[in-house]
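Asks: Input: one structure, supplied below.
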Amino acid sequence: MTGTAAPAALAAHATLAASAPGAISAPPIEYSQLGPMLVVFGAAIVGVLVEAFAPRPARRGTQLALSLGGLAAAFVWTVVIAASRQVFANGSPGHTAIGGAVGVDRPTLFIQGTIVVLAFISVLLIGDTRFSPFVAQAAAPPGATAEQEGLAAGAMHTEIFPLTLFAVGGMMLFPAANDLLTMFVALEVLSLPLYLLCGLARRRRLLSHEAAMKYFLLGAFSSAFFLFGIAMLYGFSGSVSLAAIASTAASNTSNSTLLFAGIALTGLGLLFKIGAVPFHSWKPDVYQGAPTPVTALMASCTVVSAFGALLRVFYVAFGNLTWDWRPALWVIAVLTMVVGAVIAITQTDVKRLLAYSSIAHAGFVLTGVLAVSTAGLSSALFYLVAYGFTTVGAFAVITLVRDPGGEADHLSRWAGLGRRSPVVAGIFAFFLLAFAGIPLTSGFTGKFAVFQAAIASGETALVIVGVLSSAIAAFFYVRVIVLMFFSDPVPDGPEVVLPNVFSGTAVGVGAAVTLLLGIAPQPVLSLASHAANQLFVG
Amino acid sequence: MTGSAQALAAQATLSATGALKLSWLLLAFPLFGAAVLLLGGRRTDRWGHLLGVAMPVAAFVYGVIAFFTLLGESDRSRDLHLYSWIPVARFQVSVGLLTDQLSICFVLLITGVGSLIIIYSVGYLWHDADRRRFFGYMNLFVAAMLLLVLADNYLVLYVGWEGVGLASYLLIGFWQFKNSAAVAAKKAFVVNRVGDAGLSLAIMLMFAEFGTMSFTGVFRGVGSAGSGVTLALGLLLLLGACGKSAQVPLQSWLLDAMEGPTPVSALIHAATMVTAGVYLLVRSNPILALAPGARLAVAVVGTITLLVGGIIASAKDDIKKSLAGSTMSQIGYMTLGAGLGPAGYVFAIALLLSHGFYKAGLFLGAGSVMHGMNDEVNMRRYGGLSNVLPVTYVTFGLAYLAISGIPPFSGFFAKDPIIEADFGQHGAAGKVAGVCALIGAGITAFYMTRMMFMTWYGRRRWEEHAASGEPHETAEPLAGGSVQGAHGSAEEYHPHESPPVMTGPMVVLAIGSVGAGAFLIINHRLQKFLAPVVGAPPNTHGFFTAPGIAATALAVAGIALGWWIYGRVPVPATAPAGGPLTVAARKDLYGDALNESLLMRPGQWLTRLSVYFDNRDIDGLVNTIAAAVGGTSGRLRRMQTGFVRSYALSMLAGAAVLVALLLAVRL
């Protein structure tokens, strides 16, 4: 693939050189370097065509194959670019493509690769239709005849697959966007399909609709802030390019109100997506209401993507201003860790519990971000990989524990699960231990890495808060383990279904990676530190 | 002595090449066996024992190849770096295998004698339903012991050390359904922990002082360390060795460990486990060289143990417990040898190797007798068995001559130099140790003669016992190797010779019992071979010097005494009351009582005290914090109202605060 990439890139540069200065010309498009995103978007568009033209019975299989194939191809392409000698020739930190709109560099490729793999696993969960978590027809009200007929026919909203692919494509573009407008477009591309996907749950329909509505309203609200922030930054620097903002910030000291208000508001848009306190309130409601496979997608891929964008904006555009934004982000990180851990203690719904746990984990990654160093970047990258796989695995387990009316979300239903289904309960306990950061799991290695990076940058106080809140967090993880293994099983408790190929793969891969990164983290740590070595391309 | 030891520690260690590059195979074979047998479950029941035998034998074959490869080289120390285990800043630990003169000796002993014992087990446990599990554990045991002796640093050695502890726990408690076996396994584990604590403290001290745990690094660093450090290291290592090698004061587990199947006892006593402590001391010779105080302590421990073990062995009627006491005593000799410095290391190893043969022979012989006697262990119910089990009788007899120190059998050549070396030491301590060792030689001959007469000669007390109709005491369940089902009631004994799969290994071991000592000692074979690792004794004597003659004379006297008491007159079928020493020895010289009053009771009080304070103060504090956090959680939770409008409001407030924070920084 690199072979074909070379002439294309050369031709693109030739066009750029030939165009006269000042003249408006179409920016060169380095197709080969944008390949992974193009493949995913392309697969999504083909998916839409499949919806339009393929007969209904053939759609699910086709869509599933298309989605998985597209994601696999995107992953391979990402690896090829990362290994390409041309993109990273002579120790270059990478390229910017499409006239500087998209960055192609090692951290971005690492993040994109992670997103694609996690999305692959999430699509497996989405494709597991045995207990179809999705409505047959979104327009049919619960209990209506159309709904019954659709279920009986085994129908499914197969639009879910192209929607997922669009969201994943947006997630891949989000951290790669090298100017704020592209980033905003990516944000919307990833968000809009997710709003829809959240509302497609078959059971507890109202909860699902409510989640979609809340997510949409608050998402739009935060997008507005983000856009407003972009406007301010444009007002300050006269450009939306991250590099231009950085250079203006370095030279120009007037108009700092515009600059800092801009930092605050763009930051807000990004912090909303990762669920940092006080912009977290959507997370528990949405995670609870959305169909569990979609929650898995959001909890893993969206978080990874949003952190990628956050890292890029704060490291590239505001990289010279660390002394200015660090205190504010410090406060946010502390709040996020503490509030996430503390509120999680009193949760009784397992998906809400994991939502608050995800908030607390966002705080832990923020400590890595706050280190503002290559070590901080690499530790944050590693943490995202570790957390992403564990969380996908954990949500996959949740899909297996079922009541007659759907998943058994209430924690009281999980009492004594360890007696009746020791393997499933054991794996879930293992994931919880990983969330808690117990050694021999990836969670420990990840926490160790981010805390180490933060201490090296002099953020000892932050690390102390982090350790204390992980102690609080450990309480509610262990509480669930105690509930599962040391309580008497509830009468007519939930049924644990045997995982099939789809959910089995999701659980298995999640558990395997969690264990592997706990026992032998070195290869992935090296990969992350190699990726982070030269930071983002400016 | 100091100078020579340091020079020796610097023997050049080359990277492994050629056949020695495959030394990981030594671990891989038994580990593979253990993994297949333990993970394979019932599917491997039918052929499991074959794999269980094949893997140690394969390791032995490789060991022999490695040995001859090493013999062909001039520099005989090879290090094989496997992988970097813990690479964290200054804390660098790599997993590497050191094949040198010392470790190859142990490899041959462990795999050679170990394989013979495992072959024997095929016959011994033929009827046991859990035979596959047994072979899995035995392979694990061999693998752990090999890791222990092949490690090129103390931390990996510690992994093997703990592995041996685990495997012994599993094997001693193999018949878990017997309460006594479960208790004995737990006791062995707990007592070993005390020793393990010593070794782990030593390793931590090494890292704190020298920043490394590799043998080369520690031995290099110890030269410039203070005398306090070397003394502490030496004593801590001794504590570790006491646990594994069952030396006073950590000897109590060994006698109880007889609850395991007899081949386990043979493996623990002859080829693995108890030799680990001696290995640790000899391997750490550069540390001991600089810590004369620790060396003295080692010699004292060895001397006391060799006497205590002998006395216990003389009083036990249980054949296995008597042999266990004998092992304590023999390991005491080795420890004493290790305490003498370069004058004794090589002889300690020589005794260890020859002991491996004859002690394995004795245990397998005892197992063979039990196999034919419905697992009867009480020697007072034996007698006159020499015609019934001829092969066992002859092999047992040869091992008996070896351990009693009768020239020209193995034990004489191996034990005598240690006694000689005692008298060769300067100062009174060496002489005292020498006299004790001489007395020990007499005791050894006495209790072994006692065992011989009680088992093989005299009236057939088992016939009388069967006629009297009392139930017999079994040490092992009837399922374990017994053919009782085919022989009628439990009261009747039908002793018979064991099958060839059991007698074969015994014959091979008997050959070793006869020749090993002479082979190793004559012409200074072992001494020359091991000199680069442990140093050479300053001067060597002939064999028939005054101490040598005295030792032989005392051995003969011990045999004569044994005959006087147990051969001349019939052995009573029930044990006589005996004098105070006999009573004390039957109770293991009150070792358990001592442990209980000195360690267990204070430990229990300490636990109770801690629990009291934990409940009152610490839990109080913890509960207060927990209640505070929980209360906060409940209050914060109310902010999650479910209304989008309040969420949006909180976001807006957050935005205002964020902007204010950023602008405030600039002010």
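Residues in the structure tokens are numbered from 1 in each chain, the chains being A, B, ... in the order shown, and ligands are numbered from 1 in the order shown.
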Taking the DSSP assignment computed from this structure's backbone, write out as a list in words all residues of stretch 10-256 of chain B that belong to strand (DSSP E or B).

Replies: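 Across stretch 10-256 of chain B, those assigned strand (DSSP E or B) are Leu14, Ser15, Arg78, Asp79, Leu80, His81, Leu82, Tyr83, Ser84, Trp85, Ile86, Pro87, Val88, Phe91, Gln92, Val93, Ser94, Val95, Gly96, Leu97, Leu98, Thr99, Ala151, Asn153 and Ser214 of chain B.
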
Asks: From stretch 63-194 of chain A, collect each residue whose DSSP state is helix (DSSP H, G or I) and return the set as a compact mmCIF listing (two decimals) with N, CA, C and O atoms, in the first residue's frame.

Replies:
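Output (selection25.txt):
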```
# COMPACT_ATOMS: atom_id res chain seq x y z
N GLN A 63 -24.24 -6.17 6.40
CA GLN A 63 -23.79 -5.02 7.17
C GLN A 63 -22.70 -5.40 8.16
O GLN A 63 -21.71 -4.68 8.32
N LEU A 64 -22.92 -6.54 8.82
CA LEU A 64 -21.94 -6.98 9.82
C LEU A 64 -20.59 -7.22 9.14
O LEU A 64 -19.54 -6.75 9.60
N ALA A 65 -20.63 -7.95 8.02
CA ALA A 65 -19.38 -8.24 7.31
C ALA A 65 -18.73 -6.95 6.83
O ALA A 65 -17.50 -6.77 6.94
N LEU A 66 -19.56 -6.04 6.32
CA LEU A 66 -19.04 -4.77 5.81
C LEU A 66 -18.38 -3.98 6.93
O LEU A 66 -17.25 -3.47 6.78
N SER A 67 -19.06 -3.89 8.07
CA SER A 67 -18.53 -3.10 9.19
C SER A 67 -17.23 -3.71 9.69
O SER A 67 -16.22 -3.02 9.85
N LEU A 68 -17.27 -5.03 9.95
CA LEU A 68 -16.07 -5.66 10.50
C LEU A 68 -14.93 -5.59 9.50
O LEU A 68 -13.78 -5.30 9.85
N GLY A 69 -15.27 -5.83 8.21
CA GLY A 69 -14.24 -5.78 7.17
C GLY A 69 -13.65 -4.38 7.07
O GLY A 69 -12.42 -4.22 6.98
N GLY A 70 -14.51 -3.37 7.08
CA GLY A 70 -14.03 -2.00 6.98
C GLY A 70 -13.11 -1.64 8.13
O GLY A 70 -12.03 -1.06 7.93
N LEU A 71 -13.53 -2.04 9.35
CA LEU A 71 -12.72 -1.71 10.52
C LEU A 71 -11.38 -2.45 10.47
O LEU A 71 -10.33 -1.89 10.79
N ALA A 72 -11.43 -3.72 10.05
CA ALA A 72 -10.18 -4.48 9.96
C ALA A 72 -9.25 -3.85 8.94
O ALA A 72 -8.04 -3.68 9.19
N ALA A 73 -9.81 -3.47 7.78
CA ALA A 73 -8.97 -2.84 6.75
C ALA A 73 -8.40 -1.53 7.27
O ALA A 73 -7.22 -1.22 7.04
N ALA A 74 -9.23 -0.77 7.99
CA ALA A 74 -8.74 0.50 8.52
C ALA A 74 -7.59 0.26 9.49
O ALA A 74 -6.60 1.01 9.50
N PHE A 75 -7.72 -0.80 10.28
CA PHE A 75 -6.65 -1.08 11.23
C PHE A 75 -5.35 -1.43 10.51
O PHE A 75 -4.28 -0.90 10.82
N VAL A 76 -5.48 -2.29 9.51
CA VAL A 76 -4.28 -2.69 8.75
C VAL A 76 -3.64 -1.45 8.13
O VAL A 76 -2.41 -1.25 8.19
N TRP A 77 -4.49 -0.61 7.55
CA TRP A 77 -3.96 0.58 6.89
C TRP A 77 -3.25 1.50 7.91
O TRP A 77 -2.19 2.05 7.64
N THR A 78 -3.87 1.63 9.10
CA THR A 78 -3.24 2.44 10.15
C THR A 78 -1.84 1.90 10.47
O THR A 78 -0.88 2.67 10.60
N VAL A 79 -1.76 0.58 10.60
CA VAL A 79 -0.46 -0.02 10.92
C VAL A 79 0.54 0.25 9.81
O VAL A 79 1.70 0.58 10.05
N VAL A 80 0.04 0.15 8.56
CA VAL A 80 0.94 0.38 7.43
C VAL A 80 1.47 1.81 7.44
O VAL A 80 2.67 2.05 7.26
N ILE A 81 0.60 2.76 7.71
CA ILE A 81 1.06 4.16 7.77
C ILE A 81 2.06 4.34 8.90
O ILE A 81 3.11 4.98 8.74
N ALA A 82 1.74 3.73 10.07
CA ALA A 82 2.62 3.90 11.22
C ALA A 82 4.00 3.32 10.92
O ALA A 82 5.01 3.83 11.41
N ALA A 83 4.04 2.26 10.10
CA ALA A 83 5.32 1.63 9.80
C ALA A 83 5.98 2.28 8.58
O ALA A 83 7.11 1.92 8.22
N ALA A 89 9.91 9.90 7.57
CA ALA A 89 11.27 9.87 7.05
C ALA A 89 12.18 10.76 7.89
O ALA A 89 11.77 11.82 8.37
N ASN A 90 13.39 10.32 8.09
CA ASN A 90 14.42 11.10 8.76
C ASN A 90 13.97 11.64 10.11
O ASN A 90 14.16 12.80 10.44
N GLY A 91 13.32 10.79 10.87
CA GLY A 91 12.91 11.19 12.22
C GLY A 91 11.86 12.28 12.23
O GLY A 91 11.72 13.01 13.21
N ARG A 106 2.37 10.02 14.96
CA ARG A 106 2.36 8.74 15.70
C ARG A 106 1.30 8.71 16.80
O ARG A 106 0.57 7.71 16.91
N PRO A 107 1.17 9.74 17.65
CA PRO A 107 0.13 9.64 18.68
C PRO A 107 -1.26 9.46 18.07
O PRO A 107 -2.08 8.66 18.56
N THR A 108 -1.52 10.20 16.98
CA THR A 108 -2.83 10.09 16.35
C THR A 108 -3.05 8.69 15.81
O THR A 108 -4.14 8.11 15.99
N LEU A 109 -2.03 8.14 15.17
CA LEU A 109 -2.18 6.80 14.62
C LEU A 109 -2.41 5.78 15.73
O LEU A 109 -3.22 4.86 15.60
N PHE A 110 -1.72 5.99 16.84
CA PHE A 110 -1.90 5.08 17.99
C PHE A 110 -3.35 5.16 18.47
O PHE A 110 -4.00 4.14 18.71
N ILE A 111 -3.85 6.40 18.58
CA ILE A 111 -5.22 6.58 19.06
C ILE A 111 -6.21 5.99 18.05
O ILE A 111 -7.15 5.28 18.43
N GLN A 112 -5.96 6.25 16.76
CA GLN A 112 -6.89 5.73 15.75
C GLN A 112 -6.90 4.21 15.75
O GLN A 112 -7.95 3.58 15.66
N GLY A 113 -5.69 3.63 15.86
CA GLY A 113 -5.62 2.17 15.91
C GLY A 113 -6.42 1.63 17.08
O GLY A 113 -7.18 0.66 16.94
N THR A 114 -6.25 2.27 18.24
CA THR A 114 -6.98 1.84 19.43
C THR A 114 -8.49 1.94 19.20
O THR A 114 -9.25 1.01 19.51
N ILE A 115 -8.92 3.08 18.64
CA ILE A 115 -10.36 3.27 18.39
C ILE A 115 -10.89 2.17 17.48
O ILE A 115 -11.95 1.58 17.74
N VAL A 116 -10.13 1.88 16.42
CA VAL A 116 -10.63 0.91 15.44
C VAL A 116 -10.78 -0.47 16.07
O VAL A 116 -11.78 -1.15 15.88
N VAL A 117 -9.78 -0.87 16.87
CA VAL A 117 -9.86 -2.19 17.50
C VAL A 117 -11.04 -2.24 18.48
O VAL A 117 -11.82 -3.20 18.50
N LEU A 118 -11.17 -1.19 19.29
CA LEU A 118 -12.26 -1.18 20.27
C LEU A 118 -13.61 -1.15 19.55
O LEU A 118 -14.57 -1.79 19.98
N ALA A 119 -13.67 -0.40 18.43
CA ALA A 119 -14.92 -0.33 17.68
C ALA A 119 -15.25 -1.70 17.10
O ALA A 119 -16.41 -2.11 17.06
N PHE A 120 -14.22 -2.42 16.67
CA PHE A 120 -14.42 -3.76 16.13
C PHE A 120 -15.11 -4.64 17.17
O PHE A 120 -16.10 -5.32 16.88
N ILE A 121 -14.61 -4.58 18.40
CA ILE A 121 -15.21 -5.40 19.46
C ILE A 121 -16.63 -4.92 19.75
O ILE A 121 -17.56 -5.73 19.93
N SER A 122 -16.83 -3.59 19.76
CA SER A 122 -18.18 -3.08 20.03
C SER A 122 -19.14 -3.52 18.93
O SER A 122 -20.30 -3.85 19.21
N VAL A 123 -18.66 -3.52 17.68
CA VAL A 123 -19.54 -3.96 16.58
C VAL A 123 -19.91 -5.43 16.75
O VAL A 123 -21.03 -5.84 16.46
N LEU A 124 -18.97 -6.20 17.27
CA LEU A 124 -19.30 -7.60 17.56
C LEU A 124 -20.47 -7.67 18.53
O LEU A 124 -21.40 -8.45 18.37
N LEU A 125 -20.42 -6.83 19.55
CA LEU A 125 -21.51 -6.82 20.54
C LEU A 125 -22.81 -6.36 19.90
O LEU A 125 -23.88 -6.89 20.17
N ILE A 126 -22.70 -5.33 19.03
CA ILE A 126 -23.89 -4.82 18.37
C ILE A 126 -24.48 -5.91 17.48
O ILE A 126 -25.69 -6.06 17.36
N GLY A 127 -23.59 -6.70 16.86
CA GLY A 127 -24.05 -7.73 15.94
C GLY A 127 -24.63 -8.95 16.63
O GLY A 127 -25.21 -9.81 15.98
N THR A 145 -48.49 -3.34 17.26
CA THR A 145 -48.54 -4.51 16.38
C THR A 145 -47.32 -4.53 15.47
O THR A 145 -46.72 -5.59 15.25
N ALA A 146 -46.95 -3.36 14.97
CA ALA A 146 -45.79 -3.30 14.07
C ALA A 146 -44.55 -3.84 14.77
O ALA A 146 -43.74 -4.56 14.19
N GLU A 147 -44.46 -3.50 16.02
CA GLU A 147 -43.30 -3.95 16.80
C GLU A 147 -43.31 -5.47 16.94
O GLU A 147 -42.29 -6.13 16.73
N GLN A 148 -44.48 -6.03 17.28
CA GLN A 148 -44.58 -7.47 17.44
C GLN A 148 -44.21 -8.18 16.15
O GLN A 148 -43.47 -9.15 16.14
N GLU A 149 -44.74 -7.65 15.06
CA GLU A 149 -44.47 -8.27 13.76
C GLU A 149 -42.99 -8.21 13.43
O GLU A 149 -42.39 -9.19 12.97
N GLY A 150 -42.43 -7.03 13.67
CA GLY A 150 -41.00 -6.86 13.38
C GLY A 150 -40.16 -7.85 14.18
O GLY A 150 -39.25 -8.49 13.65
N LEU A 151 -40.51 -8.01 15.46
CA LEU A 151 -39.74 -8.94 16.30
C LEU A 151 -39.89 -10.36 15.82
O LEU A 151 -38.93 -11.11 15.74
N ALA A 152 -41.14 -10.70 15.50
CA ALA A 152 -41.41 -12.05 15.04
C ALA A 152 -40.62 -12.35 13.77
O ALA A 152 -40.12 -13.46 13.57
N ILE A 160 -28.18 0.60 12.10
CA ILE A 160 -27.26 0.76 13.24
C ILE A 160 -25.81 0.63 12.80
O ILE A 160 -24.93 1.35 13.27
N PHE A 161 -25.56 -0.28 11.85
CA PHE A 161 -24.17 -0.51 11.45
C PHE A 161 -23.57 0.69 10.74
O PHE A 161 -22.50 1.17 11.14
N PRO A 162 -24.22 1.23 9.67
CA PRO A 162 -23.64 2.43 9.08
C PRO A 162 -23.55 3.59 10.06
O PRO A 162 -22.57 4.35 10.05
N LEU A 163 -24.55 3.72 10.95
CA LEU A 163 -24.49 4.80 11.94
C LEU A 163 -23.25 4.65 12.82
O LEU A 163 -22.53 5.61 13.08
N THR A 164 -23.02 3.41 13.25
CA THR A 164 -21.84 3.16 14.07
C THR A 164 -20.57 3.52 13.31
O THR A 164 -19.65 4.15 13.85
N LEU A 165 -20.54 3.14 12.02
CA LEU A 165 -19.33 3.42 11.25
C LEU A 165 -19.12 4.92 11.07
O LEU A 165 -17.99 5.41 11.15
N PHE A 166 -20.21 5.64 10.87
CA PHE A 166 -20.07 7.11 10.77
C PHE A 166 -19.50 7.66 12.07
O PHE A 166 -18.58 8.49 12.07
N ALA A 167 -20.06 7.18 13.18
CA ALA A 167 -19.56 7.66 14.47
C ALA A 167 -18.09 7.33 14.63
O ALA A 167 -17.28 8.17 15.04
N VAL A 168 -17.71 6.09 14.26
CA VAL A 168 -16.30 5.69 14.41
C VAL A 168 -15.41 6.54 13.51
O VAL A 168 -14.32 6.96 13.92
N GLY A 169 -15.88 6.80 12.30
CA GLY A 169 -15.10 7.65 11.40
C GLY A 169 -14.89 9.04 12.02
O GLY A 169 -13.78 9.58 12.00
N GLY A 170 -15.97 9.59 12.59
CA GLY A 170 -15.84 10.87 13.26
C GLY A 170 -14.85 10.80 14.42
O GLY A 170 -14.04 11.70 14.62
N MET A 171 -14.92 9.68 15.16
CA MET A 171 -13.99 9.51 16.29
C MET A 171 -12.55 9.46 15.82
O MET A 171 -11.64 9.92 16.51
N MET A 172 -12.33 8.89 14.61
CA MET A 172 -10.97 8.82 14.09
C MET A 172 -10.49 10.19 13.64
O MET A 172 -9.31 10.53 13.76
N LEU A 173 -11.41 10.97 13.11
CA LEU A 173 -11.02 12.29 12.62
C LEU A 173 -10.82 13.27 13.77
O LEU A 173 -9.97 14.16 13.70
N PHE A 174 -11.60 13.10 14.84
CA PHE A 174 -11.60 14.03 15.96
C PHE A 174 -10.18 14.28 16.50
O PHE A 174 -9.74 15.43 16.56
N PRO A 175 -9.44 13.25 16.88
CA PRO A 175 -8.10 13.52 17.40
C PRO A 175 -7.10 13.89 16.32
O PRO A 175 -6.02 14.40 16.63
N ALA A 176 -7.45 13.61 15.05
CA ALA A 176 -6.50 13.91 13.98
C ALA A 176 -6.64 15.35 13.51
O ALA A 176 -5.72 15.89 12.88
N LEU A 180 -9.39 23.82 14.21
CA LEU A 180 -10.53 23.69 15.11
C LEU A 180 -11.83 23.47 14.36
O LEU A 180 -12.73 22.81 14.87
N LEU A 181 -11.91 23.98 13.13
CA LEU A 181 -13.16 23.77 12.38
C LEU A 181 -13.31 22.33 11.99
O LEU A 181 -14.38 21.74 12.13
N THR A 182 -12.22 21.73 11.49
CA THR A 182 -12.26 20.29 11.17
C THR A 182 -12.64 19.51 12.41
O THR A 182 -13.43 18.56 12.37
N MET A 183 -12.07 19.92 13.53
CA MET A 183 -12.35 19.23 14.77
C MET A 183 -13.83 19.34 15.13
O MET A 183 -14.45 18.37 15.58
N PHE A 184 -14.39 20.52 14.90
CA PHE A 184 -15.81 20.69 15.20
C PHE A 184 -16.67 19.80 14.31
O PHE A 184 -17.60 19.15 14.79
N VAL A 185 -16.30 19.76 13.02
CA VAL A 185 -17.05 18.88 12.11
C VAL A 185 -16.95 17.44 12.59
O VAL A 185 -17.96 16.71 12.65
N ALA A 186 -15.74 17.04 12.95
CA ALA A 186 -15.56 15.67 13.43
C ALA A 186 -16.41 15.42 14.66
O ALA A 186 -17.04 14.36 14.80
N LEU A 187 -16.44 16.40 15.56
CA LEU A 187 -17.23 16.26 16.79
C LEU A 187 -18.69 16.01 16.45
O LEU A 187 -19.33 15.13 17.04
N GLU A 188 -19.19 16.76 15.50
CA GLU A 188 -20.60 16.58 15.14
C GLU A 188 -20.81 15.24 14.43
O GLU A 188 -21.81 14.56 14.65
N VAL A 189 -19.83 14.86 13.58
CA VAL A 189 -19.97 13.59 12.85
C VAL A 189 -20.00 12.42 13.82
O VAL A 189 -20.72 11.44 13.64
N LEU A 190 -19.23 12.53 14.89
CA LEU A 190 -19.23 11.41 15.82
C LEU A 190 -20.44 11.48 16.75
O LEU A 190 -20.97 10.45 17.18
N SER A 191 -20.91 12.69 17.04
CA SER A 191 -21.97 12.82 18.05
C SER A 191 -23.35 12.47 17.49
O SER A 191 -24.11 11.73 18.13
N LEU A 192 -23.66 12.98 16.31
CA LEU A 192 -25.03 12.81 15.81
C LEU A 192 -25.45 11.35 15.71
O LEU A 192 -26.53 10.98 16.18
N PRO A 193 -24.62 10.46 15.12
CA PRO A 193 -25.05 9.06 15.10
C PRO A 193 -25.21 8.49 16.50
O PRO A 193 -26.11 7.68 16.75
N LEU A 194 -24.37 8.95 17.43
CA LEU A 194 -24.46 8.41 18.78
C LEU A 194 -25.78 8.81 19.44
O LEU A 194 -26.39 8.01 20.15
```

Asks: Determine, for each residue of chain A having at least one atom at most 8 Å from an atom of chain B, the closest pair of atoms and their separation in Å to one decimal, counting only C-alpha atoms; order by chain and ascending number, as JSON lines.

Replies:
```
{"residue": "A:Lys214", "atom": "CA", "partner": "B:Val644", "partner_atom": "CA", "distance": 6.1}
{"residue": "A:Leu217", "atom": "CA", "partner": "B:Val644", "partner_atom": "CA", "distance": 7.8}
{"residue": "A:Leu218", "atom": "CA", "partner": "B:Ala648", "partner_atom": "CA", "distance": 6.5}
{"residue": "A:Phe221", "atom": "CA", "partner": "B:Ala648", "partner_atom": "CA", "distance": 7.6}
{"residue": "A:Thr257", "atom": "CA", "partner": "B:Leu663", "partner_atom": "CA", "distance": 6.8}
{"residue": "A:Phe260", "atom": "CA", "partner": "B:Leu662", "partner_atom": "CA", "distance": 6.0}
{"residue": "A:Ala261", "atom": "CA", "partner": "B:Val659", "partner_atom": "CA", "distance": 5.5}
{"residue": "A:Ala264", "atom": "CA", "partner": "B:Val659", "partner_atom": "CA", "distance": 5.2}
{"residue": "A:Leu265", "atom": "CA", "partner": "B:Ala655", "partner_atom": "CA", "distance": 7.0}
{"residue": "A:Leu268", "atom": "CA", "partner": "B:Ala655", "partner_atom": "CA", "distance": 6.8}
{"residue": "A:Pro278", "atom": "CA", "partner": "B:Gly654", "partner_atom": "CA", "distance": 5.8}
{"residue": "A:Phe279", "atom": "CA", "partner": "B:Met651", "partner_atom": "CA", "distance": 5.4}
{"residue": "A:Ser281", "atom": "CA", "partner": "B:Tyr647", "partner_atom": "CA", "distance": 5.9}
{"residue": "A:Trp282", "atom": "CA", "partner": "B:Tyr647", "partner_atom": "CA", "distance": 7.3}
{"residue": "A:Asp285", "atom": "CA", "partner": "B:Gly642", "partner_atom": "CA", "distance": 7.5}
{"residue": "A:Asp324", "atom": "CA", "partner": "B:Val665", "partner_atom": "CA", "distance": 6.0}
{"residue": "A:Trp325", "atom": "CA", "partner": "B:Leu662", "partner_atom": "CA", "distance": 6.2}
{"residue": "A:Pro327", "atom": "CA", "partner": "B:Val665", "partner_atom": "CA", "distance": 7.7}
{"residue": "A:Ala328", "atom": "CA", "partner": "B:Leu661", "partner_atom": "CA", "distance": 5.8}
{"residue": "A:Val339", "atom": "CA", "partner": "B:Leu636", "partner_atom": "CA", "distance": 8.0}
{"residue": "A:Val342", "atom": "CA", "partner": "B:Ser633", "partner_atom": "CA", "distance": 5.1}
{"residue": "A:Ile343", "atom": "CA", "partner": "B:Ser633", "partner_atom": "CA", "distance": 4.6}
{"residue": "A:Ala344", "atom": "CA", "partner": "B:Ser633", "partner_atom": "CA", "distance": 7.5}
{"residue": "A:Ile345", "atom": "CA", "partner": "B:Ser633", "partner_atom": "CA", "distance": 6.5}
{"residue": "A:Thr346", "atom": "CA", "partner": "B:Ser633", "partner_atom": "CA", "distance": 6.3}
```

Asks: Please list as a ChimeraX atom specification every residue within 8 Å of stretch 207-215 of chain B, counting only C-alpha atoms and excluding residues in the same chain fewer than 4 positions away.

Replies: /B:90-93,152-155,203,219,221-222,225

Asks: Counting only C-alpha atoms, what is within 10 Å of B:Leu22, bar same-chain residues fewer than 5 positions away, as a PyMOL selection string?

Replies: chain B and resi 16-17+28+62+66+80

Asks: Contacts of stretch 206-213 of chain A at 6 Å or less, counting only C-alpha atoms, minus same-chain residues fewer than 4 places along, as a short mmCIF file (atom, residue, chain, number, x, y, z; two decimals) with N, CA and C atoms, in the first residue's frame?

Replies:
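Result written to selection-v3.cif:
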```cif
data_model
loop_
_atom_site.label_atom_id
_atom_site.label_comp_id
_atom_site.auth_asym_id
_atom_site.auth_seq_id
_atom_site.Cartn_x
_atom_site.Cartn_y
_atom_site.Cartn_z
N TYR A 195 -26.23 10.06 19.19
CA TYR A 195 -27.53 10.47 19.75
C TYR A 195 -28.61 9.50 19.30
N CYS A 198 -28.31 5.93 20.83
CA CYS A 198 -28.72 5.85 22.24
C CYS A 198 -30.21 5.59 22.37
N GLY A 199 -30.98 6.03 21.40
CA GLY A 199 -32.43 5.92 21.55
C GLY A 199 -33.02 4.65 20.97
N ALA A 201 -32.84 1.46 22.06
CA ALA A 201 -32.97 0.27 22.90
C ALA A 201 -34.37 -0.31 22.78
N ASP A 285 -26.84 8.99 33.08
CA ASP A 285 -28.17 8.80 32.48
C ASP A 285 -28.05 8.17 31.10
N VAL A 286 -27.09 8.64 30.32
CA VAL A 286 -26.96 8.13 28.96
C VAL A 286 -26.43 6.70 28.95
N GLY A 289 -29.28 4.44 29.93
CA GLY A 289 -30.40 4.31 29.02
C GLY A 289 -30.03 3.69 27.68
N ALA A 290 -28.84 3.92 27.21
CA ALA A 290 -28.46 3.45 25.88
C ALA A 290 -28.40 1.93 25.86
#
```
